[in-house]
2 protein chains.
Amino acid sequence: MDTRWLDEGERAAWLRLIAVVELLPGVLDTQLRRDAHLTHYDYFVLAMLSEAPDRTLRMTALALRTNATLPRLSHVVRRLEGRDLIERFPCPEDGRATNARLTPAGWDEVVAAAPGHVEAVRSHVLDVLNPAQVTQLQQICDALLTRLDPDGLMGQLYDLRR
Amino acid sequence: MDTRWLDEGERAAWLRLIAVVELLPGVLDTQLRRDAHLTHYDYFVLAMLSEAPDRTLRMTALALRTNATLPRLSHVVRRLEGRDLIERFPCPEDGRATNARLTPAGWDEVVAAAPGHVEAVRSHVLDVLNPAQVTQLQQICDALLTRLDPDGLMGQLYDLRR
DNA sequence: GGGTGTTACTTGAAGCATCAACCAATCACC
DNA sequence: GGTGATTGGTTGATGCTTCAAGTAACACCC
């Protein structure tokens, strides 16, 4: 079967998307590591917990919301637990499940890190785009996610109980 | 100084962008690793070399084009050199520099891997978007790159000699 | 022509992600 | 109520990235 190669416009869009995907994580990590000793993924985990009811989520639900695999989350949570930012306890309703809960220290950490992080997000991403582009970006990413993560999307939309 | 928090639309766009950035590399890596025993970054390095004059580039130029740091590229090239896909030799014009050149085996590898990779790019990204969105994506990424990589952009546009 | 500083690249150590394997609890079903 | 399959999660090994440090060549300048 013969390949449909990329035309000029497709190639231009693709090369730039690759560049963004390659560079953005580094920028976010650098700021957060410097100012809060957190990976961007660490921060995202803490942030998702901070917005959940009781600041608690099941590991599986947390993995879905953070677009990560369960093994990855497990390692990260173990490290954060060692720093007393998160605590784990067995889920009373399902013996197989474990809940992750933000500790008070973890909450303080998020509150302290948030302004600097939002500033970074603004200066590197949102403030560079006009309002129309922000909307376009959302729609484009939505379309991509239906293909990249057909199941995971559900996790973002429906409120999974712990 | 008080933080300008994200409004609803900004937050929606941001969360989805994070998800894409988190998931896309994994999808590309998985396909290429399975079909060609290459990381996406490995493939990208080989692809950039394959398009360069004499299939040769300086390490610095190659790092710029692949949006990576020099240490990262150095490790990757060492591994690819071990598989005889790339060869390194000192640059005759500048004793400090070293050139990386695609070997015939490396060329074959790119040629063999390209169709499957392009198919993955199409099915996961480009074919999910309509033509207008592809253009928007390019413009958005262009805007982001002026901030994410103010110098690197030059490397993409001007043809660096080896 | 000998500092001084910069550029180009490599290396080793440390940390994080990923994969496969594993265990434990629950569910389905007869 | 017992067996097999599934779900939920953890762990250890491997590999890649990153950071800091190091080496070597070049450029400038007095």
# chains A, B, ... in the order shown; residues from 1 in each chain; ligands from 1

$ closest_atom_pairs --of "chain D" --to "chain B" --cutoff "8 Å" --atoms "only C-alpha atoms (C1' of nucleotides)" --output "Markdown table"
| residue | atom | partner | partner_atom | distance |
| --- | --- | --- | --- | --- |
| D:DT17 | C1' | B:Arg72 | CA | 6.8 |
| D:DT18 | C1' | B:Arg72 | CA | 7.9 |
| D:DA24 | C1' | B:Arg96 | CA | 7.1 |
| D:DA25 | C1' | B:Arg96 | CA | 4.9 |
| D:DC26 | C1' | B:Arg96 | CA | 7.5 |

$ interface_residues --of "chain B" --to "chain C" --cutoff "12 Å" --atoms "only C-alpha atoms (C1' of nucleotides)" --output "VMD selection string"
chain B and resid 22 25 to 26 29 to 30 58 to 61 63 69 to 75 77 to 78 88 90 to 91 94 to 99

$ write_last_selection --atoms "N, CA and C atoms" --output "short mmCIF file (atom, residue, chain, number, x, y, z; two decimals), in the first residue's frame"
data_model
loop_
_atom_site.label_atom_id
_atom_site.label_comp_id
_atom_site.auth_asym_id
_atom_site.auth_seq_id
_atom_site.Cartn_x
_atom_site.Cartn_y
_atom_site.Cartn_z
N GLU B 22 1.33 15.26 26.95
CA GLU B 22 1.66 14.08 27.77
C GLU B 22 1.49 12.79 26.98
N PRO B 25 3.86 11.89 22.74
CA PRO B 25 5.15 11.20 22.64
C PRO B 25 5.02 9.69 22.82
N GLY B 26 4.22 9.28 23.76
CA GLY B 26 4.05 7.85 23.99
C GLY B 26 3.52 7.13 22.77
N ASP B 29 6.30 7.01 20.12
CA ASP B 29 7.35 6.08 20.55
C ASP B 29 6.91 4.63 20.39
N THR B 30 5.70 4.35 20.80
CA THR B 30 5.22 2.97 20.76
C THR B 30 5.24 2.40 19.35
N ARG B 58 26.51 19.12 11.53
CA ARG B 58 27.23 19.30 12.78
C ARG B 58 26.33 18.95 13.95
N MET B 59 26.96 18.49 15.00
CA MET B 59 26.19 18.13 16.18
C MET B 59 25.32 19.30 16.66
N THR B 60 25.89 20.47 16.71
CA THR B 60 25.13 21.63 17.19
C THR B 60 23.94 21.90 16.30
N ALA B 61 24.14 21.88 14.99
CA ALA B 61 23.04 22.13 14.07
C ALA B 61 21.96 21.06 14.23
N ALA B 63 21.34 19.31 16.91
CA ALA B 63 20.65 19.52 18.18
C ALA B 63 19.59 20.61 18.04
N THR B 69 18.97 19.29 23.66
CA THR B 69 20.23 19.78 24.19
C THR B 69 21.37 18.96 23.59
N LEU B 70 22.55 19.52 23.67
CA LEU B 70 23.71 18.83 23.12
C LEU B 70 24.03 17.53 23.87
N PRO B 71 23.98 17.51 25.18
CA PRO B 71 24.22 16.24 25.87
C PRO B 71 23.25 15.15 25.44
N ARG B 72 21.99 15.50 25.34
CA ARG B 72 21.02 14.50 24.93
C ARG B 72 21.37 13.94 23.56
N LEU B 73 21.62 14.83 22.62
CA LEU B 73 21.97 14.39 21.28
C LEU B 73 23.22 13.52 21.30
N SER B 74 24.20 13.93 22.10
CA SER B 74 25.46 13.19 22.15
C SER B 74 25.22 11.73 22.55
N HIS B 75 24.42 11.53 23.60
CA HIS B 75 24.11 10.16 24.03
C HIS B 75 23.39 9.40 22.93
N VAL B 77 23.33 9.88 19.68
CA VAL B 77 24.18 9.60 18.53
C VAL B 77 25.16 8.48 18.86
N ARG B 78 25.68 8.47 20.07
CA ARG B 78 26.58 7.39 20.46
C ARG B 78 25.89 6.04 20.32
N ARG B 88 30.41 9.35 13.06
CA ARG B 88 30.90 10.67 13.43
C ARG B 88 32.33 10.85 12.95
N PRO B 90 35.52 14.20 12.74
CA PRO B 90 35.81 15.59 13.05
C PRO B 90 35.59 16.49 11.85
N CYS B 91 35.09 17.67 12.10
CA CYS B 91 34.84 18.64 11.04
C CYS B 91 36.16 19.23 10.58
N ASP B 94 36.58 23.14 11.30
CA ASP B 94 36.62 23.65 12.68
C ASP B 94 36.96 22.49 13.61
N GLY B 95 38.13 22.53 14.14
CA GLY B 95 38.62 21.42 14.95
C GLY B 95 37.77 21.10 16.16
N ARG B 96 36.97 22.07 16.60
CA ARG B 96 36.13 21.81 17.78
C ARG B 96 34.91 20.99 17.42
N ALA B 97 34.47 21.13 16.20
CA ALA B 97 33.18 20.55 15.81
C ALA B 97 33.32 19.10 15.35
N THR B 98 32.25 18.34 15.50
CA THR B 98 32.20 17.01 14.89
C THR B 98 30.94 16.90 14.04
N ASN B 99 31.09 16.21 12.93
CA ASN B 99 29.97 16.00 12.03
C ASN B 99 29.34 14.64 12.28
#

$ interface_residues --of "chain B" --to "chain A" --cutoff "8 Å" --atoms "only C-alpha atoms" --output "JSON, numbers by chain"
{"B": [3, 4, 5, 6, 9, 10, 12, 13, 14, 16, 17, 19, 20, 21, 22, 23, 24, 25, 27, 66, 67, 68, 115, 118, 119, 124, 125, 126, 128, 129, 133, 134, 135, 136, 137, 138, 139, 140, 141, 142, 143, 144, 145, 147, 148, 149]}

$ write_last_selection --atoms "N, CA and C atoms" --output "short mmCIF file (atom, residue, chain, number, x, y, z; two decimals), in the first residue's frame"
data_model
loop_
_atom_site.label_atom_id
_atom_site.label_comp_id
_atom_site.auth_asym_id
_atom_site.auth_seq_id
_atom_site.Cartn_x
_atom_site.Cartn_y
_atom_site.Cartn_z
N THR B 3 -1.88 37.30 41.15
CA THR B 3 -1.87 36.39 40.01
C THR B 3 -3.12 36.59 39.14
N ARG B 4 -2.91 36.63 37.83
CA ARG B 4 -4.06 36.59 36.91
C ARG B 4 -4.39 35.12 36.67
N TRP B 5 -5.39 34.61 37.36
CA TRP B 5 -5.74 33.19 37.21
C TRP B 5 -6.35 32.94 35.85
N LEU B 6 -6.45 31.70 35.48
CA LEU B 6 -6.98 31.34 34.16
C LEU B 6 -8.49 31.40 34.17
N GLY B 9 -12.18 29.43 29.60
CA GLY B 9 -11.69 29.02 28.28
C GLY B 9 -10.19 28.74 28.29
N GLU B 10 -9.45 29.57 28.98
CA GLU B 10 -8.01 29.36 29.05
C GLU B 10 -7.70 28.04 29.75
N ALA B 12 -9.60 25.41 29.99
CA ALA B 12 -9.97 24.28 29.13
C ALA B 12 -8.89 24.02 28.10
N ALA B 13 -8.43 25.09 27.45
CA ALA B 13 -7.40 24.93 26.42
C ALA B 13 -6.13 24.38 27.05
N TRP B 14 -5.77 24.90 28.20
CA TRP B 14 -4.53 24.50 28.84
C TRP B 14 -4.55 23.03 29.25
N ARG B 16 -6.23 20.62 28.05
CA ARG B 16 -6.19 19.74 26.89
C ARG B 16 -4.81 19.74 26.25
N LEU B 17 -4.18 20.90 26.23
CA LEU B 17 -2.83 20.94 25.68
C LEU B 17 -1.88 20.06 26.50
N ALA B 19 -2.67 17.47 28.17
CA ALA B 19 -2.98 16.07 27.88
C ALA B 19 -2.33 15.64 26.57
N VAL B 20 -2.42 16.48 25.56
CA VAL B 20 -1.80 16.15 24.27
C VAL B 20 -0.29 16.00 24.42
N VAL B 21 0.32 16.95 25.10
CA VAL B 21 1.77 16.92 25.27
C VAL B 21 2.19 15.68 26.05
N GLU B 22 1.33 15.26 26.95
CA GLU B 22 1.66 14.08 27.77
C GLU B 22 1.49 12.79 26.98
N LEU B 23 0.50 12.75 26.11
CA LEU B 23 0.15 11.49 25.45
C LEU B 23 0.81 11.29 24.09
N LEU B 24 1.02 12.37 23.36
CA LEU B 24 1.53 12.22 21.99
C LEU B 24 2.88 11.51 21.92
N PRO B 25 3.86 11.89 22.74
CA PRO B 25 5.15 11.20 22.64
C PRO B 25 5.02 9.69 22.82
N VAL B 27 2.53 7.73 22.12
CA VAL B 27 1.94 7.10 20.94
C VAL B 27 2.98 6.94 19.83
N THR B 66 16.56 19.37 16.09
CA THR B 66 15.75 18.36 16.77
C THR B 66 15.26 18.86 18.12
N ASN B 67 15.47 20.14 18.37
CA ASN B 67 14.97 20.77 19.60
C ASN B 67 15.49 20.08 20.85
N ALA B 68 16.73 19.71 20.83
CA ALA B 68 17.27 18.99 21.98
C ALA B 68 18.55 19.67 22.48
N PRO B 115 7.21 5.05 6.08
CA PRO B 115 5.78 4.88 5.78
C PRO B 115 4.94 4.60 7.01
N VAL B 118 4.67 7.86 9.08
CA VAL B 118 3.75 8.84 8.47
C VAL B 118 2.31 8.39 8.66
N GLU B 119 2.09 7.11 8.53
CA GLU B 119 0.74 6.59 8.75
C GLU B 119 0.26 6.90 10.17
N HIS B 124 -3.20 9.62 13.86
CA HIS B 124 -3.37 10.16 15.21
C HIS B 124 -3.48 11.67 15.25
N VAL B 125 -3.02 12.33 14.22
CA VAL B 125 -3.00 13.80 14.29
C VAL B 125 -3.65 14.44 13.08
N LEU B 126 -3.00 14.35 11.94
CA LEU B 126 -3.41 15.18 10.81
C LEU B 126 -4.80 14.84 10.29
N VAL B 128 -7.21 13.76 11.82
CA VAL B 128 -8.27 14.06 12.78
C VAL B 128 -8.71 15.52 12.64
N LEU B 129 -7.88 16.32 11.99
CA LEU B 129 -8.15 17.76 11.86
C LEU B 129 -8.61 18.08 10.45
N GLN B 133 -7.95 23.67 10.45
CA GLN B 133 -7.32 23.43 11.75
C GLN B 133 -5.84 23.14 11.62
N VAL B 134 -5.46 22.48 10.53
CA VAL B 134 -4.03 22.24 10.32
C VAL B 134 -3.29 23.56 10.19
N THR B 135 -3.89 24.48 9.46
CA THR B 135 -3.28 25.81 9.33
C THR B 135 -3.23 26.53 10.67
N GLN B 136 -4.34 26.48 11.39
CA GLN B 136 -4.38 27.11 12.71
C GLN B 136 -3.31 26.52 13.62
N LEU B 137 -3.18 25.22 13.57
CA LEU B 137 -2.20 24.56 14.43
C LEU B 137 -0.79 25.07 14.12
N GLN B 138 -0.51 25.19 12.85
CA GLN B 138 0.81 25.69 12.49
C GLN B 138 1.03 27.10 13.03
N GLN B 139 0.03 27.95 12.87
CA GLN B 139 0.18 29.34 13.32
C GLN B 139 0.31 29.40 14.84
N ILE B 140 -0.47 28.60 15.53
CA ILE B 140 -0.40 28.59 17.00
C ILE B 140 0.97 28.12 17.45
N CYS B 141 1.45 27.03 16.87
CA CYS B 141 2.76 26.50 17.28
C CYS B 141 3.87 27.49 16.94
N ASP B 142 3.72 28.16 15.82
CA ASP B 142 4.69 29.19 15.47
C ASP B 142 4.76 30.25 16.55
N ALA B 143 3.60 30.70 16.99
CA ALA B 143 3.56 31.72 18.04
C ALA B 143 4.20 31.19 19.31
N LEU B 144 3.89 29.98 19.67
CA LEU B 144 4.45 29.41 20.90
C LEU B 144 5.97 29.30 20.80
N LEU B 145 6.45 28.94 19.63
CA LEU B 145 7.89 28.71 19.48
C LEU B 145 8.70 29.99 19.59
N ARG B 147 8.37 32.01 21.71
CA ARG B 147 8.60 32.19 23.14
C ARG B 147 9.35 31.00 23.74
N LEU B 148 9.03 29.80 23.26
CA LEU B 148 9.63 28.60 23.84
C LEU B 148 11.07 28.44 23.40
N ASP B 149 11.35 28.92 22.20
CA ASP B 149 12.65 28.65 21.61
C ASP B 149 13.08 29.81 20.73
#

$ atom_distance --atom1 "atom CA of Leu49 of chain A" --atom2 "atom C1' of DT6 of chain D"
27.4 Å

$ residues_around --residues "Leu38 of chain B" --least-positions-apart "2" --cutoff "12 Å" --atoms "only C-alpha atoms (C1' of nucleotides)" --output "list in words"
Leu28, Asp29, Thr30, Gln31, Leu32, Arg33, Arg34, Asp35, Ala36, His40, Tyr41, Asp42, Tyr43, Phe44, Val45, Leu46, Ala47, Val76, Arg79, Leu80, Arg83, Leu85, Gly106, Glu109, Val110, Ala112, Ala113, Ala114 and His117 of chain B
